[in-house]
Amino acid sequence: MSETRERILERLRRACDGLPPPPTVATDSASVARPPADAAALVRAIRARLEAVRGEVHEAPESSWPALVLRLARERGVHRLLYGPRAALAAALEAEARGSESPQLVKYANSVEAWKEELFSGVDAAVTSAAGGIAETGSLILWPGAAEPRLMSLVPPIHFAVVSAATLYPTLADALRAQDWATRMPTNPLLISGPSKSADIEQTLTYGVHGPRSLIVIVTA
Amino acid sequence: MGSPSDFGLRVERAFADAGARANIRRAMDGLQAKRLEAFPDADALERLRDEGAAIKARALARLPELLEQFEANCLRKGIRVHWAETADEANRIVVEICAKRGVRRAIKGKSMVSEETGLNHALEGEGIEALESDLGEFIIQLAGEGPSHIIAPAIHKDRHQVAALFREHFPDLTPRDDIEGLCATARELLRRRFRDADLGISGVNFLVAETGTLVLVENEGNGRLSTTVPDVHVAITGIEKVVERLADIPPLLALLTRSATGQPITTYVNLINGPRAPGELDGPREVHLVLLDNGRSRIYGDTELRSTLRCIRCGACMNHCPVYVRLGGHAYGTVYPGPIGTVLEPQKSGLDRLGELTEASTLCGACGEVCPVRIPLPALINRLRFDAVRRDPVSTPGRGTRRKRAEALVWRIWAAVHSHPPLYRAYTRLACALRAFAPRRIPGWSDHRTAPRPAERPLHDLVRKAGFDHE
């Protein structure tokens, strides 16, 4: 195996010999339509982009997102709502849900193997935080981890994501820099830009293929 | 995968399938329009293409050291890296990973490199089920076909053909004939397969040397399910996919998704930095990456042909190719069709086997104009046509095998005539004098076009008569 590696690398190294040094690349203009950087414009831009791909965007004051999520969940007939009990969102959500019958909060507290069947067929929606948003492309940044596992934004049919307006960036390049992804990113960072979709049959856009059918974003300020 | 005579037969077959041709034409017209809308500012597009080309060229120039840096970072993060020189070796590596863990069911996200190695076939030979989960790949797997386009593999089929396939394979279901109904059926069919798979297989769009990251883009969520739910994830890709820095990703992503389908971004961009970390509740326990050479390091050795390896597999060259949009991908008989396939496949398999593909081009230049990383595809097609008939040594396999003595002689005479003015003048006068004898019908050409006819008088004479004389 390592012989194969050496043979391949050796062929490549031989081809490199004597060639002029490569040109340096500036990648700072990496944007097709850079949105303005003021807060209101960023919210408008991310809303427009997400709505164009059938995402839903709501705005709420920092204190009232749990009530909004629970109301939206009830309106959509969600009975069982998944959340991360160790997530920063947990306390406020639990407090708001206390005393109300529906939706019932489900904790992602055990490793997936212990409750895979239930996760795949017994959960109607999940609520997660987003580490930020990107206005140019209408993307949410998710940094899943121990508190909010990877599958929360993927398996349940509805995904609620709560993002602070203060963490919206004009472009992906801005976000990578500001959040120092190169040194700090977790095992599986994600950009999510709408509900799951496919155009594999006749190039006709259809939503909700394998991932969530709905992406509902709450921008808090 | 095909001999020259097969190519002619496949072209005939493609021309005879009016339904598939209409489906492909419609889809390609749509993709062309969407790409144009996605780049409203032509100057910004050209700047971005400069950037994309420079990033990939620089990464290639440093390829061996970047691969080592990438591998070291992967090892640090717990991603196991395997190197494969050939398609068979890559398949063996995946089969061994499966065998050691008793894997019976593998679920696959879309991967052109796995098509290149014939991985499904290799796994099935060992009794391991390899189920495609991308909707388009799922459809062609049911049909027992290969992809006809690298990003829209089932684009040659319409909804009724897909519905008929579903009815044939899943008689218990009664799928509706509408597209939404077909998608819902596929979702139901595959959901438990994601849940129960022992191993997930995927391709990769970019590897980041600086961080040891695998970057995957997709719209359906099947890619994320394949890389996240099963206990083991095996990614397979070519050695040319590595870039230097994470900061190189935004411009490449912008170029890739906009060039491919006109989207500003795909629904999911999935960055994989390693297996499930301590304390995490999901994600694979093992992540493997198979790095495939399969002729790439040889292509790399030729400084002109090396630009083939810049390709980010967006498919824009085929979407805009007048030959591809009329034929579809199956006529090429190769894994990668269209202009990039015309360039890549003969370099991998040899001009003796696939040299005829280089003629599946009008050299109109559209592919080179849309390529997001500025691969000079028309120049490369021309170069390979030359390699196929040249006698001096070059590294391209099958070099010189398409040389015909009669054709070489004709070209030598042509060159002599066009480089000696007295000869050229005599030739044009003679052609004009014999004008009346020019054939009106040339089989294969004049069926659809007017046969060419020499003018009454040579251009040189006309120009001189008009008062120009620079001789």
# chains A, B, ... in the order shown; residues from 1 in each chain; ligands from 1

$ interface_residues --of "chain B" --to "chain A" --cutoff "6 Å" --atoms "only C-alpha atoms" --output "PyMOL selection string"
chain B and resi 58+64+83+136+152+158+183+187+219-222+250-251+264+267-274+279-282+297+301

$ select_by_dssp --residues "segment 176-275 of chain B" --states "alpha helix (DSSP H)" --output "number ranges by chain"
B: 179-196, 222-228, 249-261

$ write_last_selection --atoms "N, CA and C atoms" --output "short mmCIF file (atom, residue, chain, number, x, y, z; two decimals), in the first residue's frame"
data_model
loop_
_atom_site.label_atom_id
_atom_site.label_comp_id
_atom_site.auth_asym_id
_atom_site.auth_seq_id
_atom_site.Cartn_x
_atom_site.Cartn_y
_atom_site.Cartn_z
N ILE B 179 -43.89 14.07 -11.28
CA ILE B 179 -42.52 14.08 -10.77
C ILE B 179 -42.48 14.12 -9.25
N GLU B 180 -43.38 14.92 -8.65
CA GLU B 180 -43.40 14.98 -7.19
C GLU B 180 -43.72 13.61 -6.59
N GLY B 181 -44.66 12.92 -7.20
CA GLY B 181 -45.04 11.58 -6.73
C GLY B 181 -43.88 10.60 -6.86
N LEU B 182 -43.12 10.71 -7.93
CA LEU B 182 -41.98 9.82 -8.14
C LEU B 182 -40.89 10.08 -7.09
N CYS B 183 -40.68 11.37 -6.79
CA CYS B 183 -39.69 11.71 -5.76
C CYS B 183 -40.13 11.17 -4.41
N ALA B 184 -41.43 11.31 -4.11
CA ALA B 184 -41.94 10.82 -2.82
C ALA B 184 -41.76 9.30 -2.73
N THR B 185 -41.98 8.61 -3.83
CA THR B 185 -41.79 7.16 -3.84
C THR B 185 -40.34 6.80 -3.56
N ALA B 186 -39.42 7.51 -4.22
CA ALA B 186 -37.99 7.23 -4.01
C ALA B 186 -37.62 7.50 -2.55
N ARG B 187 -38.19 8.56 -1.98
CA ARG B 187 -37.90 8.89 -0.59
C ARG B 187 -38.32 7.75 0.32
N GLU B 188 -39.55 7.25 0.12
CA GLU B 188 -40.04 6.15 0.95
C GLU B 188 -39.18 4.90 0.79
N LEU B 189 -38.84 4.60 -0.47
CA LEU B 189 -38.06 3.39 -0.75
C LEU B 189 -36.69 3.43 -0.09
N LEU B 190 -36.07 4.61 -0.10
CA LEU B 190 -34.68 4.67 0.32
C LEU B 190 -34.49 4.96 1.80
N ARG B 191 -35.55 5.46 2.45
CA ARG B 191 -35.39 5.92 3.82
C ARG B 191 -34.86 4.82 4.74
N ARG B 192 -35.49 3.65 4.70
CA ARG B 192 -35.02 2.59 5.59
C ARG B 192 -33.67 2.03 5.12
N ARG B 193 -33.37 2.23 3.83
CA ARG B 193 -32.08 1.75 3.35
C ARG B 193 -30.94 2.58 3.93
N PHE B 194 -31.16 3.88 4.08
CA PHE B 194 -30.17 4.73 4.75
C PHE B 194 -30.01 4.27 6.20
N ARG B 195 -31.15 4.01 6.84
CA ARG B 195 -31.14 3.64 8.25
C ARG B 195 -30.38 2.33 8.47
N ASP B 196 -30.56 1.38 7.54
CA ASP B 196 -30.03 0.03 7.77
C ASP B 196 -28.67 -0.24 7.14
N ASN B 222 -29.16 12.99 0.24
CA ASN B 222 -28.74 11.59 0.21
C ASN B 222 -27.24 11.46 0.46
N GLY B 223 -26.49 12.48 0.01
CA GLY B 223 -25.04 12.46 0.25
C GLY B 223 -24.75 12.54 1.73
N ARG B 224 -25.40 13.50 2.41
CA ARG B 224 -25.19 13.62 3.86
C ARG B 224 -25.65 12.37 4.59
N LEU B 225 -26.80 11.81 4.18
CA LEU B 225 -27.27 10.59 4.85
C LEU B 225 -26.24 9.47 4.67
N SER B 226 -25.69 9.35 3.46
CA SER B 226 -24.72 8.27 3.19
C SER B 226 -23.43 8.47 3.98
N THR B 227 -23.04 9.73 4.20
CA THR B 227 -21.77 9.97 4.90
C THR B 227 -21.95 10.09 6.41
N THR B 228 -23.20 10.14 6.90
CA THR B 228 -23.42 10.42 8.32
C THR B 228 -24.07 9.27 9.07
N ILE B 249 -11.95 27.59 -1.27
CA ILE B 249 -13.24 26.92 -1.49
C ILE B 249 -14.35 27.89 -1.95
N PRO B 250 -14.51 29.09 -1.33
CA PRO B 250 -15.63 29.94 -1.78
C PRO B 250 -15.63 30.24 -3.29
N PRO B 251 -14.52 30.66 -3.89
CA PRO B 251 -14.61 30.91 -5.34
C PRO B 251 -14.87 29.64 -6.15
N LEU B 252 -14.29 28.52 -5.73
CA LEU B 252 -14.52 27.28 -6.48
C LEU B 252 -15.98 26.82 -6.36
N LEU B 253 -16.55 26.97 -5.15
CA LEU B 253 -17.96 26.61 -4.96
C LEU B 253 -18.85 27.48 -5.83
N ALA B 254 -18.56 28.79 -5.83
CA ALA B 254 -19.39 29.72 -6.61
C ALA B 254 -19.34 29.34 -8.09
N LEU B 255 -18.17 28.96 -8.56
CA LEU B 255 -18.03 28.56 -9.97
C LEU B 255 -18.71 27.23 -10.24
N LEU B 256 -18.54 26.29 -9.32
CA LEU B 256 -19.05 24.93 -9.54
C LEU B 256 -20.57 24.92 -9.64
N THR B 257 -21.25 25.44 -8.63
CA THR B 257 -22.71 25.29 -8.61
C THR B 257 -23.38 26.18 -9.65
N ARG B 258 -22.82 27.37 -9.87
CA ARG B 258 -23.40 28.25 -10.88
C ARG B 258 -23.17 27.71 -12.30
N SER B 259 -21.98 27.18 -12.55
CA SER B 259 -21.70 26.64 -13.88
C SER B 259 -22.51 25.38 -14.15
N ALA B 260 -22.74 24.60 -13.09
CA ALA B 260 -23.39 23.30 -13.27
C ALA B 260 -24.88 23.46 -13.50
N THR B 261 -25.55 24.14 -12.56
CA THR B 261 -27.02 24.19 -12.60
C THR B 261 -27.57 25.59 -12.44
#

$ atom_distance --atom1 "atom CA of Phe160 of chain A" --atom2 "atom CA of Ala95 of chain A"
17.6 Å

$ select_by_dssp --residues "segment 71-179 of chain A" --states "strand (DSSP E)" --output "list in words"
Arg80, Leu81, Leu82, Tyr83, Gln104, Leu105, Val106, Lys107, Ala125, Ala126, Val127, Thr128, Ser129, Gly132, Gly133, Ile134, Ser139, Leu140, Ile141, Leu142, Ile158, His159, Phe160, Ala161, Val162, Val163, Ser164, Leu168 and Tyr169 of chain A

$ atom_distance --atom1 "atom CA of Ala316 of chain B" --atom2 "atom CA of Asp352 of chain B"
27.4 Å

$ closest_residue --among "B:Arg310, B:Arg425, B:His149, B:Arg374" --to "Glu115 of chain B" --atoms "only C-alpha atoms"
B:His149

$ residues_around --residues "Asn382 of chain B" --least-positions-apart "4" --cutoff "9 Å" --atoms "only C-alpha atoms" --output "number ranges by chain"
B: 358, 363, 377-378, 386-387

$ write_last_selection --atoms "all heavy atoms" --output "PDB file, in the first residue's frame"
ATOM      1  N   THR B 358     -11.926  11.941 -30.090  1.00  0.00           N
ATOM      2  CA  THR B 358     -11.437  13.307 -30.299  1.00  0.00           C
ATOM      3  C   THR B 358     -12.077  13.933 -31.535  1.00  0.00           C
ATOM      4  O   THR B 358     -12.014  15.141 -31.723  1.00  0.00           O
ATOM      5  CB  THR B 358      -9.904  13.348 -30.471  1.00  0.00           C
ATOM      6  OG1 THR B 358      -9.549  12.589 -31.639  1.00  0.00           O
ATOM      7  CG2 THR B 358      -9.192  12.790 -29.265  1.00  0.00           C
ATOM      8  N   LEU B 363     -14.781  21.690 -32.709  1.00  0.00           N
ATOM      9  CA  LEU B 363     -13.801  22.712 -32.324  1.00  0.00           C
ATOM     10  C   LEU B 363     -14.416  24.114 -32.367  1.00  0.00           C
ATOM     11  O   LEU B 363     -13.753  25.085 -32.697  1.00  0.00           O
ATOM     12  CB  LEU B 363     -12.547  22.653 -33.207  1.00  0.00           C
ATOM     13  CG  LEU B 363     -11.711  21.370 -33.107  1.00  0.00           C
ATOM     14  CD1 LEU B 363     -10.484  21.472 -34.013  1.00  0.00           C
ATOM     15  CD2 LEU B 363     -11.279  21.104 -31.669  1.00  0.00           C
ATOM     16  N   LEU B 377     -10.043  23.425 -23.517  1.00  0.00           N
ATOM     17  CA  LEU B 377     -10.514  22.137 -24.052  1.00  0.00           C
ATOM     18  C   LEU B 377     -10.336  22.008 -25.563  1.00  0.00           C
ATOM     19  O   LEU B 377      -9.855  20.968 -26.031  1.00  0.00           O
ATOM     20  CB  LEU B 377     -11.975  21.902 -23.636  1.00  0.00           C
ATOM     21  CG  LEU B 377     -12.136  21.539 -22.155  1.00  0.00           C
ATOM     22  CD1 LEU B 377     -13.563  21.815 -21.682  1.00  0.00           C
ATOM     23  CD2 LEU B 377     -11.790  20.077 -21.908  1.00  0.00           C
ATOM     24  N   PRO B 378     -10.685  23.038 -26.368  1.00  0.00           N
ATOM     25  CA  PRO B 378     -10.487  22.861 -27.817  1.00  0.00           C
ATOM     26  C   PRO B 378      -9.016  22.627 -28.174  1.00  0.00           C
ATOM     27  O   PRO B 378      -8.711  21.777 -29.021  1.00  0.00           O
ATOM     28  CB  PRO B 378     -10.987  24.188 -28.403  1.00  0.00           C
ATOM     29  CG  PRO B 378     -11.901  24.753 -27.366  1.00  0.00           C
ATOM     30  CD  PRO B 378     -11.339  24.308 -26.053  1.00  0.00           C
ATOM     31  N   PHE B 386      -3.588  15.393 -32.737  1.00  0.00           N
ATOM     32  CA  PHE B 386      -2.211  15.368 -33.224  1.00  0.00           C
ATOM     33  C   PHE B 386      -1.460  14.169 -32.642  1.00  0.00           C
ATOM     34  O   PHE B 386      -0.804  13.410 -33.373  1.00  0.00           O
ATOM     35  CB  PHE B 386      -1.522  16.694 -32.875  1.00  0.00           C
ATOM     36  CG  PHE B 386      -0.082  16.770 -33.282  1.00  0.00           C
ATOM     37  CD1 PHE B 386       0.345  16.304 -34.522  1.00  0.00           C
ATOM     38  CD2 PHE B 386       0.865  17.318 -32.423  1.00  0.00           C
ATOM     39  CE1 PHE B 386       1.678  16.373 -34.899  1.00  0.00           C
ATOM     40  CE2 PHE B 386       2.202  17.392 -32.788  1.00  0.00           C
ATOM     41  CZ  PHE B 386       2.604  16.920 -34.031  1.00  0.00           C
ATOM     42  N   ASP B 387      -1.587  13.988 -31.316  1.00  0.00           N
ATOM     43  CA  ASP B 387      -0.910  12.851 -30.677  1.00  0.00           C
ATOM     44  C   ASP B 387      -1.307  11.529 -31.337  1.00  0.00           C
ATOM     45  O   ASP B 387      -0.507  10.592 -31.408  1.00  0.00           O
ATOM     46  CB  ASP B 387      -1.254  12.786 -29.183  1.00  0.00           C
ATOM     47  CG  ASP B 387      -0.458  13.806 -28.370  1.00  0.00           C
ATOM     48  OD1 ASP B 387       0.307  14.570 -28.991  1.00  0.00           O
ATOM     49  OD2 ASP B 387      -0.613  13.842 -27.135  1.00  0.00           O
TER      50      ASP B 387
END

$ residues_around --residues "Ala48 of chain A" --least-positions-apart "3" --cutoff "9 Å" --atoms "only C-alpha atoms" --output "list in words"
Val43, Arg44, Ala45, Glu51, Ala52, Val57, Ala135 and Gly138 of chain A

$ closest_residue --among "B:Lys34, B:Lys110, B:Arg10, B:His233" --to "Glu137 of chain B" --atoms "only C-alpha atoms"
B:Lys110

$ atom_distance --atom1 "atom CA of Ala175 of chain A" --atom2 "atom CA of Ile265 of chain B"
15.0 Å

$ residues_around --residues "Leu89 of chain A" --least-positions-apart "2" --cutoff "9 Å" --atoms "only C-alpha atoms" --output "PyMOL selection string"
chain A and resi 66+83-87+91-94+127-129+162

$ write_last_selection --atoms "C-alpha atoms" --output "PDB file, in the first residue's frame"
ATOM      1  CA  PRO A  66     -39.203  29.625  21.591  1.00  0.00           C
ATOM      2  CA  TYR A  83     -33.880  19.251  20.439  1.00  0.00           C
ATOM      3  CA  GLY A  84     -30.432  18.969  21.991  1.00  0.00           C
ATOM      4  CA  PRO A  85     -30.791  19.003  25.792  1.00  0.00           C
ATOM      5  CA  ARG A  86     -27.250  20.346  26.217  1.00  0.00           C
ATOM      6  CA  ALA A  87     -27.581  22.999  23.539  1.00  0.00           C
ATOM      7  CA  ALA A  91     -33.302  26.099  28.625  1.00  0.00           C
ATOM      8  CA  ALA A  92     -35.453  28.683  26.881  1.00  0.00           C
ATOM      9  CA  LEU A  93     -37.231  26.049  24.795  1.00  0.00           C
ATOM     10  CA  GLU A  94     -37.935  23.816  27.813  1.00  0.00           C
ATOM     11  CA  VAL A 127     -34.871  22.626  16.250  1.00  0.00           C
ATOM     12  CA  THR A 128     -31.193  23.558  16.153  1.00  0.00           C
ATOM     13  CA  SER A 129     -29.100  26.656  16.412  1.00  0.00           C
ATOM     14  CA  VAL A 162     -32.447  29.697  15.038  1.00  0.00           C
TER      15      VAL A 162
END
